[in-house]
>>> print(open('model-v4.csv').read())   # CSV, C-alpha atoms and all ligand atoms
chain,number,residue,atom,x,y,z
A,846,MET,CA,0.0,0.0,0.0
A,847,ILE,CA,1.1,3.6,-0.7
A,848,VAL,CA,0.2,6.5,1.5
A,849,ASN,CA,0.4,9.7,-0.6
A,850,MET,CA,0.9,12.6,1.8
A,851,SER,CA,-0.7,15.9,0.8
A,852,ASP,CA,1.8,18.6,-0.4
A,853,SER,CA,1.1,20.6,2.8
A,854,ALA,CA,1.7,17.6,5.2
A,855,THR,CA,3.8,18.6,8.2
A,856,PRO,CA,6.8,16.5,9.4
A,857,GLU,CA,4.7,15.4,12.5
A,858,GLN,CA,1.9,14.1,10.2
A,859,ILE,CA,4.4,12.2,8.2
A,860,GLU,CA,6.0,10.8,11.3
A,861,HIS,CA,2.6,9.7,12.6
A,862,VAL,CA,1.9,7.8,9.3
A,863,ILE,CA,5.3,6.1,9.5
A,864,HIS,CA,4.6,5.1,13.1
A,865,ARG,CA,1.1,3.7,12.3
A,866,ILE,CA,2.6,1.7,9.4
A,867,ARG,CA,5.0,0.0,11.8
A,868,GLU,CA,2.2,-0.6,14.3
A,869,ALA,CA,0.2,-2.3,11.6
A,870,GLY,CA,3.0,-4.7,11.0
A,871,PHE,CA,4.6,-3.3,7.8
A,872,GLN,CA,7.9,-1.6,7.0
A,873,PRO,CA,7.6,2.0,6.0
A,874,HIS,CA,9.7,3.2,3.1
A,875,ILE,CA,9.7,7.0,2.6
A,876,THR,CA,10.2,8.8,-0.7
A,877,ARG,CA,10.6,12.6,-0.3
A,878,GLY,CA,9.8,13.9,-3.8
A,879,THR,CA,10.1,17.6,-4.9
A,880,GLU,CA,6.3,18.0,-4.5
A,881,ARG,CA,5.1,15.5,-1.9
A,882,THR,CA,6.2,12.7,0.3
A,883,ILE,CA,5.1,9.1,-0.4
A,884,VAL,CA,5.2,6.5,2.4
A,885,ALA,CA,5.0,2.9,1.1
A,886,ALA,CA,3.9,0.2,3.5
A,887,VAL,CA,5.6,-3.0,2.4
A,888,GLY,CA,5.9,-6.5,3.8
A,889,SER,CA,3.6,-9.5,4.4
A,890,GLY,CA,1.4,-10.3,7.3
A,891,GLY,CA,0.5,-6.8,8.3
A,892,ARG,CA,-3.0,-5.5,9.0
A,893,ARG,CA,-3.9,-4.0,5.6
A,894,HIS,CA,-7.2,-2.4,6.8
A,895,GLU,CA,-5.3,-0.3,9.3
A,896,ILE,CA,-3.3,1.2,6.4
A,897,GLU,CA,-6.5,1.7,4.3
A,898,ALA,CA,-7.9,3.7,7.3
A,899,LEU,CA,-5.0,6.1,7.2
A,900,SER,CA,-6.8,7.8,4.3
A,901,VAL,CA,-8.6,9.9,7.0
A,902,ALA,CA,-5.4,10.7,9.0
A,903,PRO,CA,-4.3,14.3,9.0
A,904,GLY,CA,-2.0,15.3,6.2
A,905,VAL,CA,-2.9,12.2,4.1
A,906,ASP,CA,-4.1,12.7,0.6
A,907,THR,CA,-4.8,9.2,-0.7
A,908,VAL,CA,-4.1,5.6,0.2
A,909,VAL,CA,-3.8,3.3,-2.8
A,910,ALA,CA,-2.7,-0.3,-3.4
A,911,ILE,CA,0.6,-0.8,-5.2
A,912,ALA,CA,-0.6,-2.5,-8.4
A,913,GLN,CA,2.6,-4.5,-9.1
A,914,PRO,CA,4.2,-7.2,-7.1
A,915,PHE,CA,7.5,-5.2,-7.0
A,916,LYS,CA,6.8,-2.4,-4.6
A,917,LEU,CA,9.9,-0.4,-3.9
A,918,VAL,CA,11.1,-0.7,-7.5
A,919,SER,CA,7.8,0.6,-8.8
A,920,ARG,CA,7.3,4.1,-10.2
A,921,GLN,CA,4.2,4.3,-8.0
A,922,THR,CA,6.4,4.4,-4.9
A,923,ARG,CA,8.8,6.9,-6.5
A,924,PRO,CA,7.5,8.8,-9.5
A,925,GLU,CA,10.8,10.6,-10.1
A,926,PRO,CA,13.7,8.7,-11.7
A,927,SER,CA,16.4,7.5,-9.4
A,928,ILE,CA,19.9,8.6,-10.1
A,929,VAL,CA,22.7,6.1,-9.1
A,930,ASN,CA,26.0,7.7,-8.4
A,931,VAL,CA,29.0,5.4,-9.1
A,932,GLY,CA,32.2,7.0,-8.0
A,933,GLY,CA,31.0,10.4,-9.3
A,934,VAL,CA,29.4,9.0,-12.5
A,935,LYS,CA,25.6,9.6,-12.4
A,936,ILE,CA,23.5,6.9,-14.1
A,937,GLY,CA,19.9,7.8,-14.7
A,938,GLY,CA,20.3,11.6,-15.2
A,939,GLU,CA,20.3,13.7,-18.3
A,940,GLU,CA,23.4,12.1,-19.9
A,941,VAL,CA,23.8,8.6,-21.2
A,942,VAL,CA,26.7,6.8,-19.6
A,943,VAL,CA,28.9,4.5,-21.5
A,944,ILE,CA,30.7,1.7,-19.7
A,945,ALA,CA,33.4,-0.1,-21.7
A,946,GLY,CA,36.1,-2.7,-21.2
A,947,PRO,CA,37.0,-6.3,-21.9
A,948,CYS,CA,34.7,-9.2,-21.1
A,949,SER,CA,37.6,-10.6,-18.9
A,950,VAL,CA,40.7,-9.1,-17.4
A,951,GLU,CA,43.4,-11.2,-19.0
A,952,SER,CA,46.6,-9.3,-18.1
A,953,ARG,CA,47.8,-5.9,-16.7
A,954,GLU,CA,48.8,-4.7,-20.2
A,955,GLN,CA,45.6,-5.8,-21.8
A,956,LEU,CA,43.4,-4.0,-19.2
A,957,LEU,CA,45.5,-0.8,-18.9
A,958,GLU,CA,45.6,-0.4,-22.7
A,959,THR,CA,41.9,-0.9,-22.9
A,960,ALA,CA,41.1,1.4,-20.0
A,961,HIS,CA,43.2,4.3,-21.4
A,962,GLY,CA,41.7,3.7,-24.9
A,963,VAL,CA,38.1,3.7,-23.9
A,964,LYS,CA,38.6,6.8,-21.7
A,965,ARG,CA,40.1,8.6,-24.7
A,966,ALA,CA,37.1,7.6,-26.8
A,967,GLY,CA,34.7,9.0,-24.2
A,968,ALA,CA,33.7,6.1,-21.9
A,969,THR,CA,33.1,7.2,-18.3
A,970,MET,CA,33.3,3.8,-16.6
A,971,LEU,CA,35.4,0.7,-17.0
A,972,ARG,CA,34.2,-2.9,-17.0
A,973,GLY,CA,36.3,-6.1,-16.7
A,974,GLY,CA,35.4,-9.6,-15.5
A,975,ALA,CA,37.5,-11.1,-12.7
A,976,TYR,CA,35.2,-14.0,-11.9
A,977,LYS,CA,33.6,-15.3,-15.1
A,978,PRO,CA,30.4,-17.3,-15.5
A,979,ARG,CA,31.4,-19.6,-18.3
A,980,THR,CA,29.1,-22.2,-19.8
A,981,SER,CA,31.8,-24.8,-19.9
A,982,PRO,CA,34.1,-25.6,-16.9
A,983,TYR,CA,37.0,-25.9,-19.4
A,984,GLU,CA,36.8,-22.3,-20.6
A,985,PHE,CA,38.8,-19.4,-19.0
A,986,GLN,CA,37.3,-18.7,-15.6
A,987,GLY,CA,38.9,-15.3,-14.9
A,988,LEU,CA,42.0,-14.3,-12.9
A,989,GLY,CA,40.1,-13.6,-9.6
A,990,ILE,CA,41.9,-11.4,-7.1
A,991,GLU,CA,44.7,-10.7,-9.5
A,992,ALA,CA,42.2,-9.2,-11.9
A,993,LEU,CA,40.7,-7.1,-9.1
A,994,LYS,CA,44.1,-5.6,-8.4
A,995,ILE,CA,44.6,-4.8,-12.0
A,996,LEU,CA,41.2,-3.1,-12.2
A,997,GLY,CA,42.1,-1.1,-9.1
A,998,GLU,CA,45.3,0.1,-10.8
A,999,ALA,CA,43.4,1.0,-14.0
A,1000,ARG,CA,41.0,3.1,-11.9
A,1001,GLU,CA,43.9,4.8,-10.2
A,1002,GLN,CA,45.5,5.6,-13.6
A,1003,THR,CA,42.4,6.7,-15.5
A,1004,GLY,CA,40.0,7.8,-12.8
A,1005,LEU,CA,37.3,5.6,-14.3
A,1006,PRO,CA,35.0,3.9,-11.8
A,1007,VAL,CA,35.0,0.1,-12.2
A,1008,VAL,CA,32.3,-2.5,-12.5
A,1009,THR,CA,32.9,-6.2,-12.2
A,1010,GLU,CA,30.8,-9.3,-11.8
A,1011,VAL,CA,30.2,-11.1,-8.5
A,1012,MET,CA,29.1,-14.7,-8.8
A,1013,SER,CA,29.3,-15.9,-5.2
A,1014,THR,CA,28.5,-14.6,-1.7
A,1015,GLU,CA,32.0,-15.7,-0.8
A,1016,ASP,CA,33.6,-13.1,-3.1
A,1017,VAL,CA,31.5,-10.1,-2.1
A,1018,ASP,CA,33.8,-8.6,0.5
A,1019,VAL,CA,37.0,-8.8,-1.6
A,1020,ILE,CA,35.2,-7.4,-4.7
A,1021,CYS,CA,33.8,-4.5,-2.6
A,1022,GLU,CA,37.4,-3.6,-1.7
A,1023,TYR,CA,38.3,-3.0,-5.4
A,1024,ALA,CA,35.2,-2.2,-7.4
A,1025,ASP,CA,32.9,0.8,-7.4
A,1026,MET,CA,29.9,-1.2,-8.7
A,1027,LEU,CA,29.1,-4.9,-8.6
A,1028,GLN,CA,27.4,-6.7,-11.5
A,1029,VAL,CA,24.9,-9.5,-11.0
A,1030,GLY,CA,25.3,-11.5,-14.2
A,1031,ALA,CA,22.4,-12.8,-16.2
A,1032,ARG,CA,22.9,-16.3,-14.9
A,1033,ASN,CA,22.7,-15.1,-11.3
A,1034,MET,CA,19.7,-12.9,-11.6
A,1035,GLN,CA,17.7,-15.2,-9.4
A,1036,ASN,CA,20.5,-16.2,-7.1
A,1037,PHE,CA,18.5,-15.0,-4.1
A,1038,ALA,CA,21.2,-15.7,-1.5
A,1039,LEU,CA,23.5,-13.5,-3.5
A,1040,LEU,CA,20.9,-10.8,-3.9
A,1041,ARG,CA,20.2,-10.8,-0.2
A,1042,ARG,CA,23.9,-10.5,0.6
A,1043,LEU,CA,24.4,-7.7,-1.9
A,1044,ALA,CA,21.5,-5.8,-0.4
A,1045,THR,CA,23.6,-5.4,2.7
A,1046,THR,CA,26.5,-3.8,0.9
A,1047,ASN,CA,26.8,0.0,0.3
A,1048,LYS,CA,27.9,-0.6,-3.4
A,1049,PRO,CA,25.8,0.2,-6.4
A,1050,ILE,CA,24.6,-2.9,-8.2
A,1051,LEU,CA,24.1,-3.5,-12.0
A,1052,ILE,CA,21.6,-6.3,-12.3
A,1053,LYS,CA,21.4,-8.0,-15.7
A,1054,ARG,CA,18.1,-9.6,-16.9
A,1055,GLY,CA,18.3,-13.4,-17.0
A,1056,PRO,CA,18.2,-14.8,-20.5
A,1057,SER,CA,14.8,-16.5,-19.7
A,1058,ALA,CA,13.4,-14.0,-17.2
A,1059,ILE,CA,10.3,-12.0,-17.9
A,1060,VAL,CA,10.4,-8.3,-17.0
A,1061,LYS,CA,8.4,-9.0,-13.8
A,1062,GLU,CA,11.0,-11.5,-12.6
A,1063,TRP,CA,13.8,-9.1,-13.4
A,1064,LEU,CA,12.1,-6.3,-11.4
A,1065,LEU,CA,11.4,-8.6,-8.5
A,1066,ALA,CA,15.1,-9.6,-8.5
A,1067,ALA,CA,15.9,-5.9,-8.1
A,1068,GLU,CA,13.2,-5.7,-5.4
A,1069,TYR,CA,15.3,-8.1,-3.3
A,1070,LEU,CA,18.1,-5.5,-3.3
A,1071,LEU,CA,15.9,-2.6,-2.4
A,1072,SER,CA,13.9,-4.4,0.2
A,1073,GLY,CA,17.1,-5.5,1.8
A,1074,GLY,CA,18.3,-1.9,2.1
A,1075,ASN,CA,20.3,-1.2,-1.1
A,1076,ASN,CA,18.5,1.3,-3.4
A,1077,GLN,CA,21.5,2.0,-5.6
A,1078,VAL,CA,20.4,-0.4,-8.3
A,1079,VAL,CA,20.7,-0.2,-12.1
A,1080,LEU,CA,18.9,-2.6,-14.4
A,1081,CYS,CA,20.6,-4.0,-17.6
A,1082,GLU,CA,18.9,-5.6,-20.6
A,1083,ARG,CA,21.4,-8.0,-22.2
A,1084,GLY,CA,19.2,-10.1,-24.5
A,1085,ILE,CA,17.0,-13.1,-24.0
A,1086,LYS,CA,16.7,-16.5,-25.5
A,1087,THR,CA,14.4,-16.8,-28.5
A,1088,PHE,CA,14.1,-19.0,-31.6
A,1089,GLU,CA,16.5,-16.7,-33.5
A,1090,THR,CA,20.0,-18.2,-34.0
A,1091,ALA,CA,21.6,-15.5,-36.1
A,1092,THR,CA,22.3,-13.4,-33.1
A,1093,ARG,CA,23.7,-14.7,-29.7
A,1094,ASN,CA,20.7,-13.4,-27.8
A,1095,THR,CA,17.7,-11.3,-28.8
A,1096,ILE,CA,18.0,-7.9,-27.2
A,1097,ASP,CA,14.5,-6.9,-26.1
A,1098,LEU,CA,14.5,-3.1,-26.6
A,1099,ALA,CA,10.8,-2.8,-25.7
A,1100,SER,CA,11.7,-4.2,-22.2
A,1101,ILE,CA,14.0,-1.2,-21.7
A,1102,ALA,CA,11.1,1.2,-22.4
A,1103,LEU,CA,8.8,-1.0,-20.3
A,1104,ALA,CA,11.2,-1.2,-17.3
A,1105,LYS,CA,11.5,2.6,-17.4
A,1106,GLU,CA,7.7,2.9,-17.4
A,1107,LEU,CA,7.2,0.5,-14.5
A,1108,SER,CA,10.2,1.5,-12.4
A,1109,HIS,CA,12.1,4.5,-11.3
A,1110,LEU,CA,15.5,2.7,-11.5
A,1111,PRO,CA,17.9,3.5,-14.3
A,1112,VAL,CA,18.1,1.0,-17.2
A,1113,MET,CA,21.1,0.2,-19.3
A,1114,ALA,CA,21.5,-1.9,-22.4
A,1115,ASP,CA,24.3,-4.4,-23.3
A,1116,PRO,CA,24.4,-4.7,-27.1
A,1117,SER,CA,27.5,-6.9,-26.9
A,1118,HIS,CA,25.8,-9.8,-25.2
A,1119,GLY,CA,22.5,-8.7,-26.7
A,1120,THR,CA,23.8,-9.4,-30.2
A,1121,GLY,CA,27.1,-11.3,-30.0
A,1122,LYS,CA,28.2,-9.5,-33.2
A,1123,GLN,CA,30.7,-6.6,-33.5
A,1124,SER,CA,28.9,-5.3,-36.6
A,1125,LEU,CA,25.6,-4.8,-34.8
A,1126,ILE,CA,26.7,-3.1,-31.6
A,1127,GLY,CA,26.7,0.5,-32.9
A,1128,ALA,CA,23.2,0.3,-34.4
A,1129,VAL,CA,21.7,-1.5,-31.3
A,1130,ALA,CA,23.3,0.9,-28.9
A,1131,ARG,CA,21.8,3.8,-30.8
A,1132,ALA,CA,18.4,2.1,-30.8
A,1133,ALA,CA,18.7,1.5,-27.0
A,1134,ILE,CA,19.3,5.2,-26.4
A,1135,ALA,CA,16.4,6.0,-28.6
A,1136,VAL,CA,14.0,3.9,-26.5
A,1137,GLY,CA,15.2,5.5,-23.3
A,1138,ALA,CA,18.3,3.6,-22.0
A,1139,ASP,CA,20.3,5.5,-19.4
A,1140,GLY,CA,23.5,3.9,-20.4
A,1141,ILE,CA,25.3,1.3,-22.6
A,1142,ILE,CA,27.8,-1.3,-21.6
A,1143,ILE,CA,30.1,-2.4,-24.4
A,1144,GLU,CA,32.9,-5.1,-24.5
A,1145,VAL,CA,36.2,-3.7,-25.9
A,1146,HIS,CA,39.5,-5.6,-26.4
A,1147,PRO,CA,42.7,-4.4,-27.8
A,1148,CYS,CA,42.8,-7.5,-30.1
A,1149,PRO,CA,39.4,-9.2,-30.1
A,1150,GLU,CA,40.8,-12.2,-32.1
A,1151,ARG,CA,43.0,-13.0,-29.1
A,1152,ALA,CA,40.4,-12.5,-26.4
A,1153,LEU,CA,40.0,-15.3,-23.9
A,1154,SER,CA,36.2,-14.7,-23.7
A,1155,ASP,CA,33.6,-13.1,-26.0
A,1156,GLY,CA,36.1,-12.1,-28.8
A,1157,PRO,CA,33.5,-12.2,-31.6
A,1158,GLN,CA,31.4,-9.5,-29.9
A,1159,SER,CA,34.3,-7.4,-28.6
A,1160,LEU,CA,35.2,-4.1,-30.5
A,1161,ASP,CA,38.8,-3.1,-30.9
A,1162,LEU,CA,39.7,0.4,-29.8
A,1163,THR,CA,39.3,1.9,-33.3
A,1164,GLN,CA,35.8,0.3,-33.7
A,1165,PHE,CA,34.8,1.5,-30.3
A,1166,GLU,CA,35.8,5.1,-31.1
A,1167,LYS,CA,33.7,4.9,-34.2
A,1168,VAL,CA,30.7,3.6,-32.3
A,1169,MET,CA,31.1,6.4,-29.8
A,1170,ARG,CA,31.0,9.0,-32.5
A,1171,GLY,CA,27.9,7.3,-33.9
A,1172,LEU,CA,26.1,7.5,-30.6
A,1173,CYS,CA,26.4,11.3,-30.7
A,1174,ALA,CA,24.9,11.6,-34.2
A,1175,PRO,CA,21.3,12.7,-34.5
A,1176,LEU,CA,18.6,10.3,-35.7
A,1177,ARG,CA,17.6,10.6,-39.4
A,1178,PRO,CA,15.1,13.3,-40.4
A,1179,LEU,CA,11.4,12.2,-40.6
A,1180,ALA,CA,9.8,12.4,-44.0
A,1181,GLY,CA,7.2,15.1,-44.1
A,1182,MET,CA,8.4,16.8,-40.9
A,1183,LYS,CA,10.7,19.8,-41.1
A,1184,ALA,CA,13.3,20.2,-38.4
A,1185,GLY,CA,11.7,21.9,-35.4
A,1186,GLN,CA,8.1,21.3,-36.6
A,1187,ALA,CA,7.3,18.9,-33.8
A,1188,ALA,CA,8.0,21.7,-31.2
B,1201,LIG,C1,29.6,-10.3,-19.0
B,1201,LIG,O1,29.2,-9.1,-18.7
B,1201,LIG,O2,30.7,-10.5,-19.5
B,1201,LIG,C2,28.6,-11.4,-18.8
B,1201,LIG,C3,29.0,-12.6,-18.6
B,1201,LIG,O3,27.3,-10.9,-19.0
B,1201,LIG,P1,26.0,-11.7,-18.9
B,1201,LIG,O4,25.8,-12.1,-17.5
B,1201,LIG,O5,25.0,-10.7,-19.4
B,1201,LIG,O6,26.1,-12.9,-19.8
B,1202,MN,MN,31.2,-11.2,-21.8
>>> encode(input="model-v4.csv", output="structure tokens")
Amino acid sequence: MIVNMSDSATPEQIEHVIHRIREAGFQPHITRGTERTIVAAVGSGGRRHEIEALSVAPGVDTVVAIAQPFKLVSRQTRPEPSIVNVGGVKIGGEEVVVIAGPCSVESREQLLETAHGVKRAGATMLRGGAYKPRTSPYEFQGLGIEALKILGEAREQTGLPVVTEVMSTEDVDVICEYADMLQVGARNMQNFALLRRLATTNKPILIKRGPSAIVKEWLLAAEYLLSGGNNQVVLCERGIKTFETATRNTIDLASIALAKELSHLPVMADPSHGTGKQSLIGAVARAAIAVGADGIIIEVHPCPERALSDGPQSLDLTQFEKVMRGLCAPLRPLAGMKAGQAA
């Protein structure tokens, strides 16, 4: 349930509502917007009728049910978009953020060359896998702590905040020492023990959509993080499984627009995993921005043909620079509409 306070509600009236929500057996979550305060009553087993009755409490405008199963993630709870600050880079604001870097950290030289190169081309965050979720146990599994140290050095040299994947609750503490943001990979989207643990950290989380997850499941996975106390969450669409075989996954651009409609959380797109093909990354990244993505994450390798993971979808530095220039170019003019006519 959501208690919408009136725009003239006093701090005491808001406090009273918070107190009554607790008394009724729910947890209060407060959103102070520019115009009004919203207090969400979440949890199970509370006395719902007591919350409904708050509609006549002083300072209360309306009490409404939250229509969706994800409560804290919902736009109803927070109509204004959330901005997630990752080491000074704001995701979810006016500007589109580009995160770039290799699928895996393979060596100090490889990562540092990539980090400096993507920074020169305009990326404002660095990615690099240290713990890799690989389909086969015989494939490169990542350098672990050694990779984290290299990522830390790259951040020091370039100033780019770093995101890296966490696969296990065991690795959370050490990854928190080195990274600015932790990625929950597609395969771990519903690893509920991991989500509960990450909810207790103070690090921003990038949560990828599982390849077979519907949007509701993706948003409920994010709800685990918010309900556990971490509201610095960014969603990432990275393609889902469909009958198509010409691309590695099918990037679901509509889900980006939908997630933004349903939720206040920032949403990013991953055209690298979403297509699996170098040649499609620029076009799909542009399309993702057109549908409202707050950021793009792209795999870049100094020599993709030598990459230990995801070479076919990795751009080299020259290709990445070209994609970056393309992201700044305007969309094509619309037939029959002169420039400025829509305004
Ligand atoms: C990755 O980012 O390299 C990765 C493994 O992503 P995903 O979880 O989307 O497959
Ligand atoms: Mn990858």
>>> closest_residue(input="model-v4.csv", among="A:Thr1095, A:Gln1002, A:Ser1072, A:Asn930", to="Leu1051 (chain A)", atoms="all atoms listed in the file")
A:Asn930
>>> closest_atom_pairs(input="model-v4.csv", of="chain A", to="ligand LIG 1201 (chain B)", cutoff="9 Å", atoms="all atoms listed in the file", output="tab-separated table")
residue	atom	partner	partner_atom	distance
A:Pro947	CA	B:LIG1201	O2	7.9
A:Cys948	CA	B:LIG1201	O2	4.5
A:Ser949	CA	B:LIG1201	O2	6.9
A:Arg972	CA	B:LIG1201	O1	8.1
A:Gly973	CA	B:LIG1201	O2	7.7
A:Gly974	CA	B:LIG1201	O2	6.2
A:Lys977	CA	B:LIG1201	C3	6.4
A:Pro978	CA	B:LIG1201	C3	5.8
A:Arg979	CA	B:LIG1201	C3	7.4
A:Thr1009	CA	B:LIG1201	O1	8.0
A:Glu1010	CA	B:LIG1201	O1	7.1
A:Gln1028	CA	B:LIG1201	O1	7.8
A:Val1029	CA	B:LIG1201	O4	7.1
A:Gly1030	CA	B:LIG1201	O4	3.4
A:Ala1031	CA	B:LIG1201	O4	3.7
A:Arg1032	CA	B:LIG1201	O4	5.7
A:Asn1033	CA	B:LIG1201	O4	7.6
A:Met1034	CA	B:LIG1201	O4	8.5
A:Ile1052	CA	B:LIG1201	O4	8.8
A:Lys1053	CA	B:LIG1201	O5	5.8
A:Arg1054	CA	B:LIG1201	O5	7.4
A:Gly1055	CA	B:LIG1201	O5	7.6
A:Pro1056	CA	B:LIG1201	O5	8.0
A:Cys1081	CA	B:LIG1201	O5	8.2
A:Glu1082	CA	B:LIG1201	O5	8.0
A:Arg1083	CA	B:LIG1201	O5	5.3
A:Gly1084	CA	B:LIG1201	O5	7.7
A:Asp1115	CA	B:LIG1201	O5	7.4
A:Ser1117	CA	B:LIG1201	O1	8.7
A:His1118	CA	B:LIG1201	O5	5.9
A:Gly1119	CA	B:LIG1201	O5	8.0
A:Ile1142	CA	B:LIG1201	O1	8.4
A:Ile1143	CA	B:LIG1201	O1	8.8
A:Glu1144	CA	B:LIG1201	O2	7.7
A:Ser1154	CA	B:LIG1201	O2	8.1
A:Asp1155	CA	B:LIG1201	O2	7.6
>>> closest_residue(input="model-v4.csv", among="A:Leu1153, A:Ile1085, A:Ala912, A:Met1113", to="ligand MN 1202 (chain B)", atoms="only C-alpha atoms and all ligand atoms")
A:Leu1153
>>> residues_around(input="model-v4.csv", residues="region 1174-1184 of chain A", least_positions_apart="6", cutoff="12 Å", atoms="all atoms listed in the file", output="ChimeraX atom specification")
/A:1127-1128,1131-1132,1134-1135,1167-1168
>>> closest_residue(input="model-v4.csv", among="A:Thr980, A:Ser952, A:Gln1186, A:Ser1108", to="ligand MN 1202 (chain B)", atoms="only C-alpha atoms and all ligand atoms")
A:Thr980
>>> residues_around(input="model-v4.csv", residues="Thr907 (chain A)", least_positions_apart="3", cutoff="10 Å", atoms="only C-alpha atoms", output="JSON, numbers by chain")
{"A": [847, 848, 849, 850, 851, 883, 897, 899, 900, 901, 902, 904]}
>>> decode(input="model-v4.csv", residues="region 1023-1037 of chain A", atoms="N, CA and C atoms", output="PDB file, in the first residue's frame")
ATOM      1  N   TYR A1023      37.704  -3.521  -4.134  1.00  0.00           N
ATOM      2  CA  TYR A1023      38.318  -3.006  -5.355  1.00  0.00           C
ATOM      3  C   TYR A1023      37.355  -2.317  -6.318  1.00  0.00           C
ATOM      4  N   ALA A1024      36.083  -2.724  -6.324  1.00  0.00           N
ATOM      5  CA  ALA A1024      35.173  -2.232  -7.368  1.00  0.00           C
ATOM      6  C   ALA A1024      34.276  -1.114  -6.850  1.00  0.00           C
ATOM      7  N   ASP A1025      33.797  -0.282  -7.791  1.00  0.00           N
ATOM      8  CA  ASP A1025      32.868   0.795  -7.437  1.00  0.00           C
ATOM      9  C   ASP A1025      31.427   0.330  -7.601  1.00  0.00           C
ATOM     10  N   MET A1026      31.233  -0.682  -8.446  1.00  0.00           N
ATOM     11  CA  MET A1026      29.886  -1.205  -8.710  1.00  0.00           C
ATOM     12  C   MET A1026      30.005  -2.698  -8.924  1.00  0.00           C
ATOM     13  N   LEU A1027      29.034  -3.474  -8.437  1.00  0.00           N
ATOM     14  CA  LEU A1027      29.074  -4.923  -8.603  1.00  0.00           C
ATOM     15  C   LEU A1027      27.999  -5.347  -9.601  1.00  0.00           C
ATOM     16  N   GLN A1028      28.392  -6.199 -10.531  1.00  0.00           N
ATOM     17  CA  GLN A1028      27.438  -6.700 -11.517  1.00  0.00           C
ATOM     18  C   GLN A1028      26.902  -8.055 -11.090  1.00  0.00           C
ATOM     19  N   VAL A1029      25.569  -8.177 -11.128  1.00  0.00           N
ATOM     20  CA  VAL A1029      24.950  -9.497 -11.000  1.00  0.00           C
ATOM     21  C   VAL A1029      24.713  -9.953 -12.429  1.00  0.00           C
ATOM     22  N   GLY A1030      25.394 -10.996 -12.841  1.00  0.00           N
ATOM     23  CA  GLY A1030      25.288 -11.454 -14.225  1.00  0.00           C
ATOM     24  C   GLY A1030      23.945 -12.101 -14.488  1.00  0.00           C
ATOM     25  N   ALA A1031      23.672 -12.259 -15.798  1.00  0.00           N
ATOM     26  CA  ALA A1031      22.384 -12.788 -16.225  1.00  0.00           C
ATOM     27  C   ALA A1031      22.079 -14.139 -15.566  1.00  0.00           C
ATOM     28  N   ARG A1032      23.103 -14.968 -15.460  1.00  0.00           N
ATOM     29  CA  ARG A1032      22.862 -16.317 -14.919  1.00  0.00           C
ATOM     30  C   ARG A1032      22.562 -16.300 -13.433  1.00  0.00           C
ATOM     31  N   ASN A1033      22.919 -15.223 -12.770  1.00  0.00           N
ATOM     32  CA  ASN A1033      22.714 -15.146 -11.317  1.00  0.00           C
ATOM     33  C   ASN A1033      21.550 -14.242 -10.919  1.00  0.00           C
ATOM     34  N   MET A1034      20.767 -13.821 -11.913  1.00  0.00           N
ATOM     35  CA  MET A1034      19.705 -12.851 -11.588  1.00  0.00           C
ATOM     36  C   MET A1034      18.782 -13.358 -10.488  1.00  0.00           C
ATOM     37  N   GLN A1035      18.566 -14.662 -10.465  1.00  0.00           N
ATOM     38  CA  GLN A1035      17.676 -15.209  -9.428  1.00  0.00           C
ATOM     39  C   GLN A1035      18.453 -16.010  -8.378  1.00  0.00           C
ATOM     40  N   ASN A1036      19.709 -15.639  -8.165  1.00  0.00           N
ATOM     41  CA  ASN A1036      20.472 -16.244  -7.063  1.00  0.00           C
ATOM     42  C   ASN A1036      20.104 -15.421  -5.812  1.00  0.00           C
ATOM     43  N   PHE A1037      19.073 -15.880  -5.137  1.00  0.00           N
ATOM     44  CA  PHE A1037      18.471 -15.049  -4.085  1.00  0.00           C
ATOM     45  C   PHE A1037      19.396 -14.868  -2.885  1.00  0.00           C
TER      46      PHE A1037
END
